[in-house]
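Below is run.cif, holding mmCIF, C-alpha atoms.
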```cif
data_run
loop_
_atom_site.group_PDB
_atom_site.id
_atom_site.type_symbol
_atom_site.label_atom_id
_atom_site.label_comp_id
_atom_site.auth_asym_id
_atom_site.auth_seq_id
_atom_site.Cartn_x
_atom_site.Cartn_y
_atom_site.Cartn_z
ATOM 1 C CA SER A 1 -136.899 -32.841 126.031
ATOM 2 C CA GLN A 2 -133.888 -32.712 128.299
ATOM 3 C CA GLN A 3 -136.109 -31.958 131.222
ATOM 4 C CA GLY A 4 -138.985 -34.307 131.556
ATOM 5 C CA GLU A 5 -142.658 -34.259 130.983
ATOM 6 C CA GLU A 6 -145.425 -31.809 131.579
ATOM 7 C CA ASP A 7 -148.846 -33.080 132.385
ATOM 8 C CA PRO A 8 -151.299 -32.731 130.805
ATOM 9 C CA GLN A 9 -150.041 -31.949 127.314
ATOM 10 C CA ALA A 10 -153.307 -30.182 126.553
ATOM 11 C CA LEU A 11 -156.042 -28.816 128.805
ATOM 12 C CA SER A 12 -159.418 -27.307 127.831
ATOM 13 C CA ILE A 13 -161.537 -25.531 130.427
ATOM 14 C CA GLN A 14 -164.288 -22.941 130.735
ATOM 15 C CA GLU A 15 -163.733 -19.381 131.902
ATOM 16 C CA GLY A 16 -163.856 -19.143 135.672
ATOM 17 C CA GLU A 17 -162.537 -22.660 136.244
ATOM 18 C CA ASN A 18 -159.141 -23.416 137.713
ATOM 19 C CA ALA A 19 -156.344 -24.894 135.618
ATOM 20 C CA THR A 20 -153.594 -27.086 137.054
ATOM 21 C CA MET A 21 -150.473 -28.039 135.165
ATOM 22 C CA ASN A 22 -147.737 -30.325 136.399
ATOM 23 C CA CYS A 23 -144.081 -30.514 135.560
ATOM 24 C CA SER A 24 -141.480 -33.130 136.383
ATOM 25 C CA TYR A 25 -137.736 -32.775 136.071
ATOM 26 C CA LYS A 26 -134.805 -35.112 136.195
ATOM 27 C CA THR A 27 -131.835 -33.448 137.894
ATOM 28 C CA SER A 28 -131.107 -31.337 140.959
ATOM 29 C CA ILE A 29 -132.228 -27.773 140.513
ATOM 30 C CA ASN A 30 -131.421 -24.319 141.803
ATOM 31 C CA ASN A 31 -134.801 -22.911 140.916
ATOM 32 C CA LEU A 32 -137.824 -23.589 138.750
ATOM 33 C CA GLN A 33 -139.587 -21.017 136.631
ATOM 34 C CA TRP A 34 -142.843 -20.993 134.712
ATOM 35 C CA TYR A 35 -143.241 -19.230 131.378
ATOM 36 C CA ARG A 36 -146.223 -18.521 129.151
ATOM 37 C CA GLN A 37 -146.095 -18.458 125.375
ATOM 38 C CA ASN A 38 -148.889 -17.254 123.150
ATOM 39 C CA SER A 39 -148.969 -19.054 119.825
ATOM 40 C CA GLY A 40 -145.640 -18.642 118.042
ATOM 41 C CA ARG A 41 -144.650 -15.643 120.117
ATOM 42 C CA GLY A 42 -142.209 -14.777 122.871
ATOM 43 C CA LEU A 43 -141.898 -16.351 126.293
ATOM 44 C CA VAL A 44 -143.255 -14.347 129.198
ATOM 45 C CA HIS A 45 -141.901 -15.017 132.669
ATOM 46 C CA LEU A 46 -144.645 -15.814 135.185
ATOM 47 C CA ILE A 47 -143.048 -16.867 138.438
ATOM 48 C CA LEU A 48 -139.829 -18.253 139.917
ATOM 49 C CA ILE A 49 -139.624 -20.600 142.887
ATOM 50 C CA ARG A 50 -136.319 -21.421 144.520
ATOM 51 C CA SER A 51 -135.355 -24.960 145.464
ATOM 52 C CA ASN A 52 -135.736 -24.185 149.177
ATOM 53 C CA GLU A 53 -139.283 -22.886 148.731
ATOM 54 C CA ARG A 54 -142.381 -25.075 148.691
ATOM 55 C CA GLU A 55 -145.089 -22.696 147.536
ATOM 56 C CA LYS A 56 -145.343 -19.276 145.963
ATOM 57 C CA HIS A 57 -148.199 -17.028 144.932
ATOM 58 C CA SER A 58 -148.485 -14.249 142.387
ATOM 59 C CA GLY A 59 -151.914 -12.852 141.674
ATOM 60 C CA ARG A 60 -154.025 -15.723 140.286
ATOM 61 C CA LEU A 61 -151.000 -17.996 140.092
ATOM 62 C CA ARG A 62 -149.930 -20.541 142.686
ATOM 63 C CA VAL A 63 -146.826 -22.624 142.230
ATOM 64 C CA THR A 64 -145.751 -25.561 144.355
ATOM 65 C CA LEU A 65 -142.440 -27.371 144.332
ATOM 66 C CA ASP A 66 -141.693 -30.842 145.674
ATOM 67 C CA THR A 67 -137.981 -31.475 145.318
ATOM 68 C CA SER A 68 -138.281 -34.990 146.770
ATOM 69 C CA LYS A 69 -140.555 -35.926 143.882
ATOM 70 C CA LYS A 70 -138.796 -33.624 141.411
ATOM 71 C CA SER A 71 -142.095 -32.064 140.447
ATOM 72 C CA SER A 72 -143.887 -28.738 140.369
ATOM 73 C CA SER A 73 -147.419 -27.605 139.720
ATOM 74 C CA LEU A 74 -148.858 -24.366 138.419
ATOM 75 C CA LEU A 75 -152.402 -23.459 139.392
ATOM 76 C CA ILE A 76 -154.229 -20.659 137.587
ATOM 77 C CA THR A 77 -157.396 -19.704 139.436
ATOM 78 C CA ALA A 78 -160.516 -18.158 137.903
ATOM 79 C CA SER A 79 -159.156 -18.591 134.387
ATOM 80 C CA ARG A 80 -159.901 -16.154 131.582
ATOM 81 C CA ALA A 81 -159.941 -16.511 127.809
ATOM 82 C CA ALA A 82 -156.745 -14.416 127.773
ATOM 83 C CA ASP A 83 -154.977 -17.204 129.694
ATOM 84 C CA THR A 84 -155.129 -19.346 126.550
ATOM 85 C CA ALA A 85 -151.487 -20.131 125.784
ATOM 86 C CA SER A 86 -148.772 -22.738 126.192
ATOM 87 C CA TYR A 87 -147.165 -22.970 129.613
ATOM 88 C CA PHE A 88 -143.628 -24.217 130.136
ATOM 89 C CA CYS A 89 -141.685 -24.993 133.250
ATOM 90 C CA ALA A 90 -137.934 -24.424 133.125
ATOM 91 C CA THR A 91 -135.199 -25.245 135.599
ATOM 92 C CA THR A 92 -131.631 -24.233 136.207
ATOM 93 C CA SER A 93 -129.204 -26.640 137.791
ATOM 94 C CA PRO A 94 -126.849 -25.696 140.632
ATOM 95 C CA GLY A 95 -123.938 -23.859 139.064
ATOM 96 C CA GLY A 96 -125.727 -23.604 135.741
ATOM 97 C CA THR A 97 -127.458 -20.670 134.113
ATOM 98 C CA ALA A 98 -129.161 -22.186 131.087
ATOM 99 C CA LEU A 99 -132.878 -22.798 131.305
ATOM 100 C CA ILE A 100 -133.898 -26.392 130.665
ATOM 101 C CA PHE A 101 -137.502 -26.430 129.492
ATOM 102 C CA GLY A 102 -140.206 -29.043 129.823
ATOM 103 C CA LYS A 103 -142.449 -29.927 126.886
ATOM 104 C CA GLY A 104 -145.233 -27.573 127.851
ATOM 105 C CA THR A 105 -148.966 -27.689 128.437
ATOM 106 C CA THR A 106 -151.330 -26.082 125.944
ATOM 107 C CA LEU A 107 -154.196 -24.431 127.820
ATOM 108 C CA SER A 108 -157.393 -23.436 126.056
ATOM 109 C CA VAL A 109 -159.932 -21.367 127.986
ATOM 110 C CA SER A 110 -163.284 -20.898 126.335
ATOM 111 C CA SER A 111 -165.851 -18.254 127.226
ATOM 112 C CA ALA B 1 -139.896 -0.570 130.170
ATOM 113 C CA ALA B 2 -137.329 -1.507 127.571
ATOM 114 C CA GLY B 3 -137.410 -5.106 126.443
ATOM 115 C CA VAL B 4 -135.077 -7.421 124.588
ATOM 116 C CA ILE B 5 -134.936 -6.545 120.913
ATOM 117 C CA GLN B 6 -134.328 -9.103 118.217
ATOM 118 C CA SER B 7 -133.825 -8.552 114.539
ATOM 119 C CA PRO B 8 -134.930 -9.489 112.062
ATOM 120 C CA ARG B 9 -138.289 -10.796 113.242
ATOM 121 C CA HIS B 10 -138.680 -13.013 110.194
ATOM 122 C CA LEU B 11 -136.033 -14.433 107.879
ATOM 123 C CA ILE B 12 -136.302 -16.701 104.882
ATOM 124 C CA LYS B 13 -133.183 -18.412 103.550
ATOM 125 C CA GLU B 14 -132.304 -21.151 101.117
ATOM 126 C CA LYS B 15 -130.446 -24.323 102.082
ATOM 127 C CA ARG B 16 -126.691 -23.856 102.416
ATOM 128 C CA GLU B 17 -127.037 -20.091 102.861
ATOM 129 C CA THR B 18 -125.908 -18.175 105.935
ATOM 130 C CA ALA B 19 -127.947 -16.132 108.389
ATOM 131 C CA THR B 20 -127.140 -13.655 111.138
ATOM 132 C CA LEU B 21 -129.552 -12.998 113.972
ATOM 133 C CA LYS B 22 -129.106 -10.042 116.291
ATOM 134 C CA CYS B 23 -130.092 -9.508 119.894
ATOM 135 C CA TYR B 24 -130.071 -6.298 121.922
ATOM 136 C CA PRO B 25 -130.449 -6.997 125.648
ATOM 137 C CA ILE B 26 -132.287 -4.899 128.170
ATOM 138 C CA PRO B 27 -130.099 -1.943 129.258
ATOM 139 C CA ARG B 28 -127.707 -2.876 132.089
ATOM 140 C CA HIS B 29 -128.151 -6.585 131.388
ATOM 141 C CA ASP B 30 -124.751 -8.085 130.691
ATOM 142 C CA THR B 31 -125.754 -11.708 130.093
ATOM 143 C CA VAL B 32 -127.321 -12.984 126.891
ATOM 144 C CA TYR B 33 -128.749 -16.418 126.137
ATOM 145 C CA TRP B 34 -129.812 -17.985 122.828
ATOM 146 C CA TYR B 35 -132.532 -20.635 122.512
ATOM 147 C CA GLN B 36 -133.959 -22.538 119.543
ATOM 148 C CA GLN B 37 -137.582 -23.680 119.427
ATOM 149 C CA GLY B 38 -138.598 -26.041 116.637
ATOM 150 C CA PRO B 39 -142.252 -26.375 115.576
ATOM 151 C CA GLY B 40 -144.280 -27.810 118.444
ATOM 152 C CA GLN B 41 -141.156 -28.253 120.549
ATOM 153 C CA ASP B 42 -139.892 -26.805 123.798
ATOM 154 C CA PRO B 43 -137.095 -24.227 123.639
ATOM 155 C CA GLN B 44 -133.584 -25.678 123.624
ATOM 156 C CA PHE B 45 -130.621 -23.784 125.037
ATOM 157 C CA LEU B 46 -127.878 -23.041 122.521
ATOM 158 C CA ILE B 47 -125.287 -20.761 124.107
ATOM 159 C CA SER B 48 -124.843 -17.878 126.539
ATOM 160 C CA PHE B 49 -122.450 -14.982 127.075
ATOM 161 C CA TYR B 50 -121.473 -12.953 130.113
ATOM 162 C CA GLU B 51 -119.358 -9.836 129.760
ATOM 163 C CA LYS B 52 -118.514 -10.793 126.167
ATOM 164 C CA MET B 53 -117.198 -14.219 127.143
ATOM 165 C CA GLN B 54 -118.990 -17.496 126.453
ATOM 166 C CA SER B 55 -120.404 -18.644 129.780
ATOM 167 C CA ASP B 56 -122.312 -21.800 128.918
ATOM 168 C CA LYS B 57 -122.832 -23.998 125.887
ATOM 169 C CA GLY B 58 -125.747 -26.208 125.018
ATOM 170 C CA SER B 59 -126.824 -28.031 121.904
ATOM 171 C CA ILE B 60 -125.425 -25.537 119.432
ATOM 172 C CA PRO B 61 -124.367 -27.102 116.114
ATOM 173 C CA ASP B 62 -120.797 -26.555 114.945
ATOM 174 C CA ARG B 63 -122.237 -24.680 111.945
ATOM 175 C CA PHE B 64 -123.431 -21.976 114.338
ATOM 176 C CA SER B 65 -121.312 -19.443 116.145
ATOM 177 C CA ALA B 66 -122.132 -16.507 118.345
ATOM 178 C CA GLN B 67 -120.496 -13.619 120.062
ATOM 179 C CA GLN B 68 -121.265 -10.746 122.378
ATOM 180 C CA PHE B 69 -119.973 -7.285 121.600
ATOM 181 C CA SER B 70 -118.717 -4.434 123.787
ATOM 182 C CA ASP B 71 -122.190 -2.852 123.850
ATOM 183 C CA TYR B 72 -123.532 -6.237 125.069
ATOM 184 C CA HIS B 73 -125.538 -6.971 121.966
ATOM 185 C CA SER B 74 -125.099 -10.454 120.580
ATOM 186 C CA GLU B 75 -125.164 -12.048 117.145
ATOM 187 C CA LEU B 76 -125.869 -15.659 116.224
ATOM 188 C CA ASN B 77 -124.258 -16.650 112.953
ATOM 189 C CA MET B 78 -125.606 -19.682 111.179
ATOM 190 C CA SER B 79 -123.890 -21.207 108.161
ATOM 191 C CA SER B 80 -124.685 -24.032 105.734
ATOM 192 C CA LEU B 81 -128.326 -23.783 106.694
ATOM 193 C CA GLU B 82 -130.376 -26.954 106.681
ATOM 194 C CA LEU B 83 -134.132 -27.461 106.498
ATOM 195 C CA GLY B 84 -134.069 -28.597 110.130
ATOM 196 C CA ASP B 85 -132.759 -25.197 111.206
ATOM 197 C CA SER B 86 -136.216 -23.739 110.568
ATOM 198 C CA ALA B 87 -137.321 -22.620 114.009
ATOM 199 C CA LEU B 88 -137.982 -19.726 116.337
ATOM 200 C CA TYR B 89 -134.764 -18.351 117.761
ATOM 201 C CA PHE B 90 -135.078 -16.555 121.061
ATOM 202 C CA CYS B 91 -132.627 -14.339 122.798
ATOM 203 C CA ALA B 92 -132.938 -13.678 126.513
ATOM 204 C CA SER B 93 -131.033 -11.394 128.844
ATOM 205 C CA SER B 94 -130.480 -11.128 132.567
ATOM 206 C CA PRO B 95 -128.722 -8.626 134.846
ATOM 207 C CA ARG B 96 -125.778 -10.921 135.519
ATOM 208 C CA VAL B 97 -124.974 -14.526 135.085
ATOM 209 C CA ALA B 98 -126.630 -16.316 137.968
ATOM 210 C CA SER B 99 -128.949 -19.268 137.984
ATOM 211 C CA TYR B 100 -131.410 -17.548 140.298
ATOM 212 C CA ASN B 101 -131.992 -14.738 137.858
ATOM 213 C CA GLU B 102 -135.100 -14.428 135.801
ATOM 214 C CA GLN B 103 -134.365 -14.379 132.094
ATOM 215 C CA PHE B 104 -136.232 -11.858 129.959
ATOM 216 C CA PHE B 105 -137.031 -13.113 126.494
ATOM 217 C CA GLY B 106 -137.223 -11.229 123.237
ATOM 218 C CA PRO B 107 -140.022 -11.751 120.691
ATOM 219 C CA GLY B 108 -137.917 -14.183 118.673
ATOM 220 C CA THR B 109 -136.726 -14.456 115.084
ATOM 221 C CA ARG B 110 -138.649 -16.896 112.928
ATOM 222 C CA LEU B 111 -136.185 -18.513 110.516
ATOM 223 C CA THR B 112 -137.537 -20.461 107.572
ATOM 224 C CA VAL B 113 -135.100 -22.463 105.473
ATOM 225 C CA LEU B 114 -136.396 -23.487 102.055
#
```

Representation of the structure as structure tokens:
Amino acid sequence: SQQGEEDPQALSIQEGENATMNCSYKTSINNLQWYRQNSGRGLVHLILIRSNEREKHSGRLRVTLDTSKKSSSLLITASRAADTASYFCATTSPGGTALIFGKGTTLSVSS
Amino acid sequence: AAGVIQSPRHLIKEKRETATLKCYPIPRHDTVYWYQQGPGQDPQFLISFYEKMQSDKGSIPDRFSAQQFSDYHSELNMSSLELGDSALYFCASSPRVASYNEQFFGPGTRLTVL
């Protein structure tokens, strides 16, 4: 990957538990976005956090960004079986428009 | 709400053949991006267009070319196909070229090269 690593690569939890995924990147960024992908299907935008923001919430999602450590985390609270999917972080660099994706975390939520 | 449309959804080709993938962006979106996702891989940026001009270029092979038309739809042309070109090809669109814009992805075209 051009971006870096996501941690963990795979995560299995029970319904109702919280899931935390981490993402690291290598270069300066303008913003960082998280996407969800159900098996072999399209990418769904979840949340965008700008480089001057430290935390953002959207429903059951909480994203943090630490630009000094070049890392971000995505927290999904009270997970559901429908949250089972792969989650990717993606960044854009200053002056750039292309999304640079991380390797993704595969989340499995069992009922 | 209207979404990004890609066609075809599935395509099977032989080695050395050509393929054309089409993308219809969300209405009033003038920027289109193409990404390639190999099996078990993260999506890789190929190329983007803004107002019919190429705006950014990523890891697009020389065998591939793309363009954006006056109605803002885009086509990705792939020639001399190789087995390694088998992948999901995503198109995304955004309202205008800007790195703070969310990109809206289409469902993808699954290309299989035999």

Using all atoms listed in the file, determine which residues lie at most 6 Å from Ala90 (chain A), disregarding the query and same-chain residues fewer than 6 positions distant; provide the list as an mmCIF file with C-alpha atoms, in the frame of the given file.
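Written output follows (result.cif):
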```
data_model
loop_
_atom_site.group_PDB
_atom_site.id
_atom_site.type_symbol
_atom_site.label_atom_id
_atom_site.label_comp_id
_atom_site.auth_asym_id
_atom_site.auth_seq_id
_atom_site.Cartn_x
_atom_site.Cartn_y
_atom_site.Cartn_z
ATOM 1 C CA LEU A 32 -137.824 -23.589 138.750
ATOM 2 C CA GLN A 33 -139.587 -21.017 136.631
ATOM 3 C CA LEU A 99 -132.878 -22.798 131.305
ATOM 4 C CA ILE A 100 -133.898 -26.392 130.665
ATOM 5 C CA PHE A 101 -137.502 -26.430 129.492
#
```

Please build the interface table for chain B against chain A with a cut-off of 12 Å, listing for each qualifying residue the nearest atom pair and the distance in Å to one decimal; count all atoms listed in the file, order rows by chain and increasing number, and write it as a Markdown table.
```
| residue | atom | partner | partner_atom | distance |
| --- | --- | --- | --- | --- |
| B:Gly3 | CA | A:Val44 | CA | 11.3 |
| B:Val4 | CA | A:Gly42 | CA | 10.4 |
| B:Ile5 | CA | A:Gly42 | CA | 11.2 |
| B:Gln6 | CA | A:Gly42 | CA | 10.8 |
| B:Arg9 | CA | A:Arg41 | CA | 10.5 |
| B:His10 | CA | A:Arg41 | CA | 11.9 |
| B:Thr31 | CA | A:Thr97 | CA | 10.0 |
| B:Val32 | CA | A:Ala98 | CA | 10.3 |
| B:Tyr33 | CA | A:Ala98 | CA | 7.6 |
| B:Trp34 | CA | A:Ala98 | CA | 9.3 |
| B:Tyr35 | CA | A:Leu99 | CA | 9.1 |
| B:Gln36 | CA | A:Phe101 | CA | 11.3 |
| B:Gln37 | CA | A:Gly40 | CA | 9.6 |
| B:Gly38 | CA | A:Gly40 | CA | 10.3 |
| B:Pro39 | CA | A:Gly40 | CA | 8.8 |
| B:Gly40 | CA | A:Lys103 | CA | 8.9 |
| B:Gln41 | CA | A:Lys103 | CA | 6.7 |
| B:Asp42 | CA | A:Lys103 | CA | 5.1 |
| B:Pro43 | CA | A:Phe101 | CA | 6.3 |
| B:Gln44 | CA | A:Ile100 | CA | 7.1 |
| B:Phe45 | CA | A:Ala98 | CA | 6.4 |
| B:Leu46 | CA | A:Ala98 | CA | 8.7 |
| B:Ile47 | CA | A:Ala98 | CA | 8.1 |
| B:Ser48 | CA | A:Ala98 | CA | 7.6 |
| B:Phe49 | CA | A:Thr97 | CA | 10.3 |
| B:Tyr50 | CA | A:Thr97 | CA | 10.6 |
| B:Gln54 | CA | A:Thr97 | CA | 11.9 |
| B:Ser55 | CA | A:Thr97 | CA | 8.5 |
| B:Asp56 | CA | A:Ala98 | CA | 7.2 |
| B:Lys57 | CA | A:Ala98 | CA | 8.4 |
| B:Gly58 | CA | A:Ala98 | CA | 8.0 |
| B:Ser59 | CA | A:Gln2 | CA | 10.6 |
| B:Ala87 | CA | A:Gly40 | CA | 10.1 |
| B:Leu88 | CA | A:Gly40 | CA | 7.9 |
| B:Tyr89 | CA | A:Gly42 | CA | 9.7 |
| B:Phe90 | CA | A:Gly42 | CA | 7.6 |
| B:Cys91 | CA | A:Gly42 | CA | 9.6 |
| B:Ala92 | CA | A:Leu43 | CA | 9.4 |
| B:Ser93 | CA | A:Ala98 | CA | 11.2 |
| B:Ser94 | CA | A:Thr97 | CA | 10.1 |
| B:Arg96 | CA | A:Thr97 | CA | 10.0 |
| B:Val97 | CA | A:Thr97 | CA | 6.7 |
| B:Ala98 | CA | A:Thr97 | CA | 5.9 |
| B:Ser99 | CA | A:Thr97 | CA | 4.4 |
| B:Tyr100 | CA | A:Asn31 | CA | 6.4 |
| B:Asn101 | CA | A:Thr97 | CA | 8.4 |
| B:Glu102 | CA | A:Leu48 | CA | 7.3 |
| B:Gln103 | CA | A:His45 | CA | 7.6 |
| B:Phe104 | CA | A:His45 | CA | 7.0 |
| B:Phe105 | CA | A:Leu43 | CA | 5.8 |
| B:Gly106 | CA | A:Gly42 | CA | 6.1 |
| B:Pro107 | CA | A:Gly42 | CA | 4.3 |
| B:Gly108 | CA | A:Gly42 | CA | 6.0 |
| B:Thr109 | CA | A:Arg41 | CA | 9.5 |
| B:Arg110 | CA | A:Gly40 | CA | 8.8 |
```

**Message:** Which residue is closest to Arg36 (chain A)? Choose from A:Asp7, A:Asp66, A:Glu55, A:Asp83 and count all atoms listed in the file.
**Reply:** A:Asp83

**Request:** Compare B:Cys23, B:Leu83, B:Ile60, B:Met53 by their minimum atom-to-atom distance to Thr112 (chain B), counting only C-alpha atoms, and give me the closest one.
**Result:** B:Leu83

**Shell around Arg63 (chain B) at 10 Å using all atoms listed in the file, local window under 2 positions removed, as a list in words** =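 Skipping anything fewer than 2 positions along the chain leaves Thr18, Ile60, Pro61, Ser65, Asn77, Met78, Ser79, Ser80, Leu81 and Glu82 of chain B.
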
**Prompt:** Skipping near chain neighbours, those fewer than 3 positions away, what residues fall within 8 Å of Ser73 (chain A) using only C-alpha atoms, listed as an MDAnalysis selection string?
**Reply:** chainID A and resid 20:23 63:65

Selected residues written out with C-alpha atoms, as a CSV table (one decimal), keeping the file's coordinate frame:
```
chain,number,residue,atom,x,y,z
A,20,THR,CA,-153.6,-27.1,137.1
A,21,MET,CA,-150.5,-28.0,135.2
A,22,ASN,CA,-147.7,-30.3,136.4
A,23,CYS,CA,-144.1,-30.5,135.6
A,63,VAL,CA,-146.8,-22.6,142.2
A,64,THR,CA,-145.8,-25.6,144.4
A,65,LEU,CA,-142.4,-27.4,144.3
```

**Asked** Mind pulling up the distance from CA of Glu75 (chain B) to CA of Gln37 (chain A)?
**Response** 23.4 Å

**Request:** Take CA of Ala2 (chain B) and CA of Tyr24 (chain B) and report the distance between them in Å, one decimal.
**Result:** 10.4 Å

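Between CA of Glu5 (chain A) and CA of Tyr25 (chain A) lies a distance of 7.2 Å.
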
**Request:** Counting only C-alpha atoms, find the residues whose atoms lie at most 10 Å from (-165.7, -17.5, 126.3) (file coordinates) and write them out as JSON, numbers by chain.
**Result:** {"A": [13, 14, 15, 16, 80, 81, 82, 109, 110, 111]}

**Message:** Using the chain letters and numbers from this file, what does the PyMOL selection byres ((chain A and resi 86) around 6) select? Give the answer as an MDAnalysis selection string.
**Reply:** chainID A and resid 36:37 85 87 105:107

**Request:** Could you tell me which of A:Ser108, A:Asn38, A:Lys56, A:Lys26 comes closest to Ser68 (chain A) if we count all atoms listed in the file?
**Result:** A:Lys26

**Asked** With distances taken over all atoms listed in the file, which of A:Thr77, A:Thr84, A:Ser28, A:Ser12 is nearest to His57 (chain A)?
**Response**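 Closest candidate: A:Thr77.
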
**Item:** Result set, the PyMOL selection byres ((chain B and resi 20) around 6) on current file, as a list in words
**Value:** Ala19, Leu21, Leu76 and Asn77 of chain B

Is it possible to get the axis-aligned box enclosing region 64-78 of chain A (all listed atoms, 5 Å extra per side) as AutoDock Vina command-line options, with centre and edge lengths in Å rounded to one decimal?
```
--center_x -149.2 --center_y -27.0 --center_z 142.2 --size_x 32.5 --size_y 27.8 --size_z 19.2
```

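Proximity of B:Glu14, B:Ser70, B:Phe64, B:Pro95 to Pro27 (chain B), computed with only C-alpha atoms, is greatest for B:Pro95.
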